[in-house]
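Below is coords_37.txt, which holds compact mmCIF, C-alpha atoms.
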```
# COMPACT_ATOMS: atom_id res chain seq x y z
CA MET A 1 3.15 -4.55 61.81
CA SER A 2 2.22 -1.32 60.04
CA ASN A 3 4.57 1.49 59.15
CA HIS A 4 2.06 3.76 60.88
CA GLU A 5 2.86 2.16 64.26
CA LEU A 6 6.59 2.52 63.65
CA GLU A 7 6.27 6.14 62.53
CA ARG A 8 4.18 6.97 65.59
CA LEU A 9 6.83 5.43 67.86
CA GLN A 10 9.58 7.31 66.03
CA SER A 11 7.65 10.55 66.49
CA THR A 12 7.24 9.89 70.22
CA LEU A 13 10.94 9.16 70.64
CA ALA A 14 12.00 12.17 68.57
CA GLN A 15 9.93 14.53 70.72
CA ALA A 16 11.00 12.99 74.05
CA ARG A 17 13.40 14.98 76.21
CA TYR A 18 13.61 12.72 79.27
CA PRO A 19 13.21 8.96 79.92
CA ARG A 20 9.89 9.60 81.66
CA ASP A 21 8.59 11.00 78.36
CA VAL A 22 9.07 7.49 76.95
CA PHE A 23 8.35 5.16 79.86
CA GLY A 24 5.83 7.32 81.72
CA THR A 25 5.21 7.49 85.46
CA LEU A 26 6.56 4.43 87.27
CA THR A 27 5.26 3.31 90.67
CA GLY A 28 6.19 0.72 93.27
CA SER A 29 9.62 -0.24 94.59
CA ARG A 30 12.76 0.51 92.62
CA THR A 31 12.88 -3.10 91.42
CA GLU A 32 9.24 -2.94 90.32
CA GLN A 33 9.85 0.35 88.51
CA ILE A 34 12.81 -1.11 86.61
CA GLU A 35 10.78 -4.19 85.65
CA THR A 36 7.90 -2.02 84.41
CA ALA A 37 10.26 0.12 82.36
CA ARG A 38 11.90 -3.04 80.99
CA ARG A 39 8.53 -4.39 79.84
CA ILE A 40 7.76 -1.12 78.07
CA PHE A 41 11.23 -1.14 76.50
CA ARG A 42 10.72 -4.68 75.19
CA GLN A 43 7.30 -3.83 73.76
CA MET A 44 8.76 -0.83 71.92
CA ALA A 45 11.79 -2.83 70.81
CA LYS A 46 9.50 -5.36 69.13
CA LEU A 47 8.13 -2.54 67.03
CA ALA A 48 11.42 -0.84 66.24
CA HIS A 49 14.16 -3.49 66.11
CA PRO A 50 15.95 -3.07 62.75
CA ASP A 51 16.11 -6.86 62.17
CA ILE A 52 12.32 -6.95 61.92
CA HIS A 53 12.40 -4.33 59.16
CA ALA A 54 15.43 -5.61 57.24
CA GLY A 55 14.93 -5.11 53.52
CA SER A 56 11.82 -2.98 53.94
CA GLU A 57 11.27 0.72 53.34
CA GLY A 58 10.88 1.19 57.10
CA PHE A 59 14.40 -0.04 57.91
CA ALA A 60 16.02 3.41 58.23
CA THR A 61 13.20 4.69 60.43
CA ALA A 62 13.39 1.58 62.60
CA ASP A 63 17.16 1.82 62.93
CA GLN A 64 17.00 5.41 64.12
CA ALA A 65 14.05 4.77 66.43
CA PHE A 66 15.78 1.79 68.02
CA LYS A 67 18.98 3.74 68.70
CA ARG A 68 16.93 6.51 70.30
CA LEU A 69 15.00 3.95 72.35
CA LEU A 70 18.27 2.41 73.59
CA HIS A 71 19.49 5.87 74.58
CA PHE A 72 16.43 6.52 76.75
CA TRP A 73 16.51 2.99 78.20
CA GLU A 74 20.12 3.52 79.30
CA LEU A 75 19.22 6.85 80.90
CA ALA A 76 16.11 5.40 82.56
CA GLN A 77 18.13 2.64 84.21
CA GLN A 78 20.67 5.15 85.50
CA GLN A 79 17.99 7.47 86.86
CA LEU A 80 16.01 4.66 88.49
CA GLU A 81 19.16 3.39 90.19
CA ASN A 82 20.12 6.80 91.57
CA GLY A 83 16.62 8.03 92.35
CA THR A 84 16.36 10.89 89.85
CA TYR A 85 13.80 9.37 87.46
CA ALA A 86 10.79 10.85 89.22
CA SER A 87 12.17 14.38 89.41
CA PRO A 88 9.30 16.89 89.36
CA ASP A 89 8.05 17.93 85.94
CA VAL A 90 7.27 21.41 87.22
CA PHE A 91 10.36 23.58 87.23
CA GLU A 92 10.41 26.70 89.34
CA PRO A 93 12.62 29.45 87.86
CA PHE A 94 15.09 30.98 90.27
CA VAL A 95 17.64 33.79 90.43
CA LEU A 96 21.24 33.82 91.63
CA ARG A 97 22.51 37.26 92.59
CA MET A 98 26.24 37.86 92.38
CA PRO A 99 28.14 41.03 93.38
CA ASP A 100 28.23 42.48 89.85
CA HIS A 101 25.62 40.52 87.90
CA VAL A 102 22.41 38.48 88.16
CA TYR A 103 21.78 34.99 86.80
CA SER A 104 18.21 33.96 85.96
CA ILE A 105 17.66 30.22 85.47
CA GLU A 106 14.41 30.11 83.54
CA HIS A 107 13.55 26.66 82.15
CA PRO A 108 15.03 23.20 81.44
CA LEU A 109 16.77 22.84 78.09
CA ALA A 110 18.06 19.26 77.93
CA GLN A 111 19.34 16.39 80.02
CA GLY A 112 22.32 14.20 79.24
CA ASP A 113 23.79 11.23 81.06
CA ILE A 114 25.69 13.39 83.57
CA CYS A 115 24.26 16.92 83.36
CA GLN A 116 21.09 18.95 83.28
CA LEU A 117 21.07 22.06 81.11
CA TYR A 118 18.88 25.09 81.73
CA LEU A 119 18.27 28.11 79.57
CA GLY A 120 18.24 31.52 81.17
CA SER A 121 19.99 34.84 81.11
CA TYR A 122 22.54 36.96 82.88
CA THR A 123 22.39 40.68 83.50
CA MET A 124 25.55 42.72 83.76
CA THR A 125 25.75 46.53 83.79
CA GLY A 126 22.07 46.64 82.87
CA ARG A 127 22.43 44.44 79.77
CA LYS A 128 20.59 41.11 79.56
CA GLU A 129 22.08 38.23 77.53
CA PRO A 130 21.00 34.60 77.06
CA ALA A 131 23.00 31.91 78.82
CA ILE A 132 23.08 28.16 79.41
CA PHE A 133 23.42 26.86 82.97
CA LYS A 134 24.98 23.44 83.36
CA PHE A 135 24.55 21.43 86.57
CA PRO A 136 25.70 17.85 87.22
CA LEU A 137 22.86 15.46 87.97
CA HIS A 138 24.91 14.15 90.87
CA PRO A 139 27.42 16.00 93.04
CA GLU A 140 29.81 13.09 92.49
CA ASP A 141 30.26 14.43 88.94
CA ASN A 142 31.29 17.92 90.06
CA ASP A 143 34.83 17.05 88.97
CA LEU A 144 33.71 16.67 85.34
CA LEU A 145 32.22 20.17 85.27
CA ALA A 146 35.27 21.55 87.04
CA ASN A 147 37.37 19.92 84.35
CA GLU A 148 35.25 21.52 81.63
CA ALA A 149 35.76 24.93 83.25
CA ARG A 150 39.51 24.29 83.43
CA ILE A 151 39.70 23.31 79.77
CA LEU A 152 37.55 26.20 78.52
CA SER A 153 39.54 28.68 80.61
CA HIS A 154 42.73 27.30 79.08
CA LEU A 155 41.32 27.56 75.54
CA SER A 156 40.20 31.14 76.17
CA LEU A 157 43.86 32.05 76.64
CA GLY A 158 44.96 29.99 73.68
CA TYR A 159 46.37 30.81 70.31
CA ASP A 160 43.83 32.46 67.93
CA TYR A 161 40.95 32.25 70.43
CA ILE A 162 39.54 35.61 69.30
CA ASN A 163 39.03 34.31 65.77
CA LEU A 164 37.99 30.75 66.60
CA ARG A 165 36.05 31.11 69.86
CA HIS A 166 32.71 30.55 68.13
CA PHE A 167 33.74 26.96 67.33
CA VAL A 168 33.85 25.96 71.02
CA SER A 169 31.78 26.47 74.15
CA GLN A 170 32.44 29.85 75.75
CA LEU A 171 32.62 29.90 79.54
CA LEU A 172 31.09 32.92 81.26
CA ASP A 173 31.45 31.80 84.86
CA THR A 174 31.95 28.77 87.08
CA PHE A 175 31.27 28.35 90.78
CA MET A 176 29.91 25.98 93.44
CA TYR A 177 26.20 26.27 94.19
CA GLN A 178 24.43 24.85 97.25
CA GLU A 179 20.79 23.88 96.85
CA GLU A 180 18.55 25.22 99.58
CA ALA A 181 16.20 22.23 99.68
CA SER A 182 18.69 19.34 99.68
CA GLY A 183 21.88 21.02 100.79
CA ALA A 184 23.68 19.36 97.87
CA VAL A 185 26.66 21.29 96.52
CA ARG A 186 27.03 21.26 92.76
CA GLN A 187 29.47 22.78 90.31
CA LEU A 188 27.70 25.24 88.00
CA ASN A 189 29.10 26.27 84.64
CA VAL A 190 27.56 29.26 82.87
CA LEU A 191 28.00 29.21 79.09
CA THR A 192 27.06 31.51 76.24
CA ALA A 193 23.87 30.57 74.39
CA THR A 194 23.25 30.72 70.65
CA GLN A 195 19.81 30.30 69.09
CA GLY A 196 19.05 28.02 66.16
CA LEU A 197 21.51 25.21 66.86
CA TYR A 198 20.86 21.54 66.08
CA SER A 199 22.92 18.55 67.21
CA LEU A 200 24.18 15.93 64.78
CA GLN A 201 21.85 13.55 66.57
CA GLU A 202 18.94 15.73 65.42
CA VAL A 203 20.41 15.85 61.90
CA LYS A 204 20.44 12.06 61.81
CA GLU A 205 16.84 11.93 63.04
CA ALA A 206 15.76 14.40 60.35
CA TYR A 207 17.70 12.60 57.59
CA PRO A 208 17.80 8.89 58.58
CA LEU A 209 18.93 7.85 55.08
CA GLY A 210 21.78 10.34 55.19
CA ILE A 211 22.47 13.93 54.19
CA ASP A 212 23.96 15.12 50.92
CA PRO A 213 27.75 14.51 50.93
CA LYS A 214 28.22 18.20 50.07
CA ASP A 215 26.54 19.09 53.37
CA MET A 216 28.72 16.60 55.21
CA ALA A 217 31.70 18.30 53.61
CA TRP A 218 31.12 21.73 55.16
CA ILE A 219 30.26 20.15 58.52
CA TRP A 220 33.47 18.09 58.51
CA ARG A 221 35.60 21.06 57.51
CA ARG A 222 34.26 23.13 60.42
CA LEU A 223 34.64 20.27 62.87
CA LEU A 224 38.28 19.95 61.83
CA VAL A 225 38.75 23.67 62.43
CA ALA A 226 37.35 23.27 65.97
CA LEU A 227 39.55 20.24 66.64
CA GLY A 228 42.60 21.94 65.15
CA PHE A 229 42.15 24.86 67.52
CA ALA A 230 41.94 22.49 70.50
CA HIS A 231 44.88 20.35 69.44
CA ARG A 232 47.17 23.33 68.80
CA ASN A 233 46.46 24.31 72.40
CA ASN A 234 47.30 20.81 73.70
CA VAL A 235 43.69 19.77 74.36
CA ILE A 236 42.08 16.47 73.33
CA HIS A 237 38.28 16.74 73.48
CA GLY A 238 37.75 13.04 74.13
CA ALA A 239 34.01 12.86 73.37
CA VAL A 240 33.31 14.01 69.81
CA LEU A 241 29.80 12.57 69.63
CA PRO A 242 26.56 13.44 67.77
CA THR A 243 25.14 15.14 70.86
CA HIS A 244 28.26 17.29 71.29
CA VAL A 245 28.49 18.71 67.75
CA LEU A 246 25.99 21.52 67.14
CA LEU A 247 25.20 23.13 63.80
CA HIS A 248 23.65 26.37 62.70
CA PRO A 249 22.16 25.27 59.34
CA GLU A 250 21.54 28.69 57.82
CA GLN A 251 24.89 30.19 58.75
CA HIS A 252 26.88 26.98 58.29
CA GLY A 253 28.16 27.42 61.82
CA LEU A 254 29.45 24.69 64.14
CA VAL A 255 30.08 24.55 67.88
CA LEU A 256 31.86 21.70 69.66
CA ILE A 257 30.43 21.45 73.16
CA ASP A 258 30.81 19.41 76.39
CA TRP A 259 34.49 19.59 77.26
CA SER A 260 33.92 17.73 80.54
CA TYR A 261 35.85 14.68 79.31
CA ALA A 262 38.79 16.58 77.79
CA VAL A 263 42.45 16.20 78.73
CA LEU A 264 45.25 18.75 78.67
CA ASP A 265 48.92 18.43 77.69
CA VAL A 266 48.88 14.65 78.08
CA SER A 267 52.56 14.14 77.32
CA ASN A 268 53.43 16.09 80.48
CA THR A 269 50.41 15.49 82.71
CA GLY A 270 49.78 11.83 81.87
CA GLU A 271 46.03 12.52 81.89
CA ARG A 272 43.65 9.90 80.52
CA ILE A 273 40.00 10.04 79.46
CA SER A 274 38.40 9.48 82.86
CA ALA A 275 34.74 9.06 81.88
CA ILE A 276 32.65 8.22 78.85
CA SER A 277 29.12 8.93 77.65
CA ILE A 278 27.32 5.67 78.46
CA PRO A 279 24.71 5.84 75.65
CA TYR A 280 27.59 6.12 73.16
CA ARG A 281 30.03 3.71 74.80
CA ASP A 282 30.39 1.74 71.54
CA TRP A 283 31.58 4.84 69.68
CA TYR A 284 34.85 5.09 71.58
CA PRO A 285 38.02 3.67 69.99
CA ALA A 286 39.75 0.87 71.87
CA GLU A 287 42.45 3.12 73.37
CA VAL A 288 39.88 4.79 75.65
CA PRO A 289 38.73 1.71 77.64
CA ALA A 290 42.35 0.51 77.57
CA ARG A 291 43.36 3.73 79.37
CA GLU A 292 46.05 4.47 76.80
CA MET A 293 47.42 7.96 76.27
CA PRO A 294 44.93 9.88 74.12
CA THR A 295 46.19 11.44 70.90
CA PRO A 296 44.61 13.74 68.29
CA ALA A 297 43.69 10.55 66.40
CA LEU A 298 41.07 9.86 69.09
CA ASP A 299 39.12 13.02 68.26
CA ILE A 300 39.60 12.47 64.55
CA ALA A 301 38.21 8.93 64.74
CA MET A 302 35.16 9.95 66.76
CA GLY A 303 34.51 12.91 64.48
CA ALA A 304 34.74 10.66 61.41
CA ARG A 305 32.23 8.27 63.00
CA CYS A 306 29.84 11.21 63.32
CA MET A 307 30.25 11.99 59.60
CA ILE A 308 29.67 8.36 58.63
CA ASP A 309 26.52 8.39 60.78
CA ILE A 310 24.97 11.48 59.18
CA LEU A 311 25.80 10.11 55.73
CA GLY A 312 23.49 7.19 56.53
CA GLY A 313 26.34 4.76 57.25
CA ASP A 314 27.33 2.56 60.16
CA PRO A 315 29.61 4.47 62.55
CA HIS A 316 30.91 1.21 64.08
CA THR A 317 31.93 -0.67 60.92
CA GLY A 318 32.61 2.37 58.74
CA ALA A 319 30.24 1.17 56.04
CA VAL A 320 28.93 4.12 53.99
CA PRO A 321 26.17 4.07 51.33
CA ASP A 322 27.34 3.64 47.74
CA THR A 323 25.71 6.98 46.90
CA VAL A 324 28.65 8.66 48.68
CA PRO A 325 31.69 9.10 46.39
CA TRP A 326 34.23 6.34 46.99
CA GLN A 327 36.96 8.91 47.63
CA ILE A 328 35.05 10.23 50.67
CA ARG A 329 34.25 6.70 51.85
CA ASP A 330 37.93 5.72 51.77
CA TYR A 331 38.98 8.99 53.40
CA LEU A 332 36.63 8.51 56.35
CA LYS A 333 37.48 4.83 56.77
CA ALA A 334 41.16 5.75 57.09
CA CYS A 335 40.22 7.98 60.02
CA ILE A 336 38.66 5.15 62.05
CA LEU A 337 41.31 2.43 61.69
CA PRO A 338 41.69 0.34 64.87
CA HIS A 339 45.10 1.50 66.08
CA PRO A 340 45.58 5.21 66.77
CA MET A 341 48.97 5.28 65.04
CA GLN A 342 47.31 3.98 61.84
CA ARG A 343 45.01 7.01 61.77
CA PRO A 344 45.80 10.59 60.80
CA GLN A 345 47.22 12.56 63.74
CA GLU A 346 47.43 16.07 62.34
CA VAL A 347 44.19 17.93 61.72
CA ASP A 348 45.58 20.71 59.53
CA SER A 349 47.03 18.20 57.04
CA LEU A 350 43.79 16.21 57.15
CA LEU A 351 41.81 19.34 56.30
CA LEU A 352 44.17 20.21 53.45
CA ASP A 353 43.81 16.70 52.04
CA PHE A 354 40.01 16.94 52.30
CA ASP A 355 39.94 20.31 50.52
CA THR A 356 41.98 18.82 47.70
CA LEU A 357 39.68 15.80 47.54
CA ILE A 358 36.41 17.75 47.34
CA GLU A 359 37.81 20.23 44.82
CA ARG A 360 38.67 17.33 42.54
CA LEU A 361 35.16 15.95 43.03
CA TRP A 362 33.07 19.09 42.76
CA GLY A 363 35.29 21.96 41.71
CA PRO A 364 35.74 25.21 43.68
CA ARG A 365 33.74 25.36 46.92
CA THR A 366 30.35 27.07 46.84
CA PHE A 367 27.74 27.65 49.54
CA HIS A 368 25.42 24.62 49.75
CA THR A 369 22.06 25.36 51.38
CA PHE A 370 21.20 23.01 54.24
CA ARG A 371 17.84 22.98 56.01
CA MET A 372 16.51 21.36 59.15
CA PRO A 373 12.81 20.86 60.00
CA GLU A 374 11.38 23.48 62.33
CA ARG A 375 11.14 22.35 65.93
```
Could you rewrite the structure in this file as structure tokens?
Amino acid sequence: MSNHELERLQSTLAQARYPRDVFGTLTGSRTEQIETARRIFRQMAKLAHPDIHAGSEGFATADQAFKRLLHFWELAQQQLENGTYASPDVFEPFVLRMPDHVYSIEHPLAQGDICQLYLGSYTMTGRKEPAIFKFPLHPEDNDLLANEARILSHLSLGYDYINLRHFVSQLLDTFMYQEEASGAVRQLNVLTATQGLYSLQEVKEAYPLGIDPKDMAWIWRRLLVALGFAHRNNVIHGAVLPTHVLLHPEQHGLVLIDWSYAVLDVSNTGERISAISIPYRDWYPAEVPAREMPTPALDIAMGARCMIDILGGDPHTGAVPDTVPWQIRDYLKACILPHPMQRPQEVDSLLLDFDTLIERLWGPRTFHTFRMPER
């Protein structure tokens, strides 16, 4: 098969926002729709499966395309099972009027495995600001958004929030909303919006062979700052995944989002990670499915997997290209060891060790320009 076919498929998958962008309009019974989508998935998989491209120059493109295809196939199956696949493409903006401010939900932004995000604005005392509106796809997941609101409210009262708030999602409001058409009641979280952010998933798509280790270094340092803030306030994020780590390339900013899965003060509450992101189920360390008590090592391991991924490595095995200095390879591998007590547990010490490591490699830190393709 030609690289042109593979590149065209990769382009289609990279631009897709919803499963229906990949599998198209499906008709017939639910069983017939699933079978049609499965046939399309298999046809695409024959083009993109990495084994077909092993040893060729198209391997990295195929690997990334296949992972993206699996992501949409997982979402398509979920949506076909629960009847949300054929949601209307035409979105009608609407306004929610509160006693002291107005929320304007203007257009869809993204859809994950449990939530739909919309971009809009809120107006308070005559001033209009951008905002993100987060609804669960199903009312049964209201508890996850309520948990996110609980965690973000707790963090907003935490130590050093004023200085570190830009590293985490900032909650503006949370309330229950009843849809007029269906009568369904959904939890709605309103979050601050920042322009120019890219997820680590998008970074991987833009740089399938891996980014410069010096770029990984500033991303990792900022992720550790975000995690350190959470951990000092007795919060374990529980889902540090490529879709939940956002970057501002020009400003070297980072925001850790989606706190729906987080747990608080586990030694006293006994809380466990109660849900996972299905498309990334293989990214979770063994203690999560085993329902063991989460520790800071959980977030550290998942964050390290993200770094291995954007370096062009394998986040599951820990294999990293030889072009990455061996000191960084060994450092990251130590963060993903199988047992949580084998891994680092203290983020501040881990950051100090990393600063020492990169100074020995490259000398004093300097600003390293990082660019992403324009959307």
Neighbouring residues of Ala131 (chain A) were defined as those with any atom within 8 Å, considering all atoms listed in the file; residues of the same chain fewer than 4 positions away were excluded. Please report them as a PyMOL selection string. chain A and resi 119-122+190-193
Can you work out the spacing between CA of Asp21 (chain A) and CA of Ala60 (chain A) in Å, to one decimal? 22.8 Å
Residue contacts of Ala48 (chain A) (6 Å, all atoms listed in the file) excluding same-chain residues fewer than 3 positions away, as an NGL selection string: :A and (45 or 62 or 66)
Every residue with an atom at most 12 Å from (16.9, 20.2, 59.0) (file coordinates; only C-alpha atoms) is what I'm after, so could you write them as a PyMOL selection string? chain A and resi 196-208+210-212+215+247-250+310+369-375
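When CA of Leu70 (chain A) is paired with CA of Tyr280 (chain A), their separation reads 10.0 Å.
Among A:Phe72, A:Phe175, A:Trp259, A:Phe59, the residue with the shortest atom-to-atom distance to Leu155 (chain A), counting only C-alpha atoms, is A:Trp259.
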Select, from A:Gln64, A:Gln111, A:Thr12, A:Gln187, the residue with the minimum atom-to-atom distance to Gln79 (chain A), counting all atoms listed in the file. A:Gln111
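Distance cut-off 12 Å, centre (31.3, -2.3, 63.8), atoms counted all atoms listed in the file; the residues meeting this are Asp282, Trp283, Tyr284, Pro285, Arg305, Ile308, Gly313, Asp314, Pro315, His316, Thr317, Gly318, Ala319, Val320, Lys333, Ile336, Leu337 and Pro338 of chain A.
CA of Asn163 (chain A) is positioned 11.2 Å from CA of Val225 (chain A).
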Please identify all polymer residues within 9 Å of His368 (chain A), counting all atoms listed in the file, omitting same-chain residues fewer than 4 positions from it, and present them as a PyMOL selection string. chain A and resi 214-215+218+252
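Across A:Tyr85, A:Trp362, A:Phe94, A:Tyr331, the tightest approach to Thr25 (chain A) is made by A:Tyr85 when counting only C-alpha atoms.
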Neighbours of Gln327 (chain A) within 9 Å (all atoms listed in the file; same-chain residues fewer than 3 positions away dropped), as a ChimeraX atom specification? /A:324,330-332,357-358,361
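Distance check against Ala76 (chain A) using all atoms listed in the file: of A:Ile52, A:Leu6, A:Ile278, A:Ala297, the minimum falls on A:Ile278.
The smallest atom-to-atom distance between His138 (chain A) and any of A:Arg150, A:Gln78, A:Gly270, A:Leu69, using all atoms listed in the file, is found for A:Gln78.
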Using all atoms listed in the file, the shortest atom-to-atom distance to Glu106 (chain A) among A:Ala301, A:Leu164, A:Leu227, A:Ile132 belongs to A:Ile132
Polymer residues at most 12 Å from Leu47 (chain A), all atoms listed in the file, same-chain spacing of 5 or more positions, as a ChimeraX atom specification: /A:1-10,40-42,52-53,58-59,61-63,65-66,69
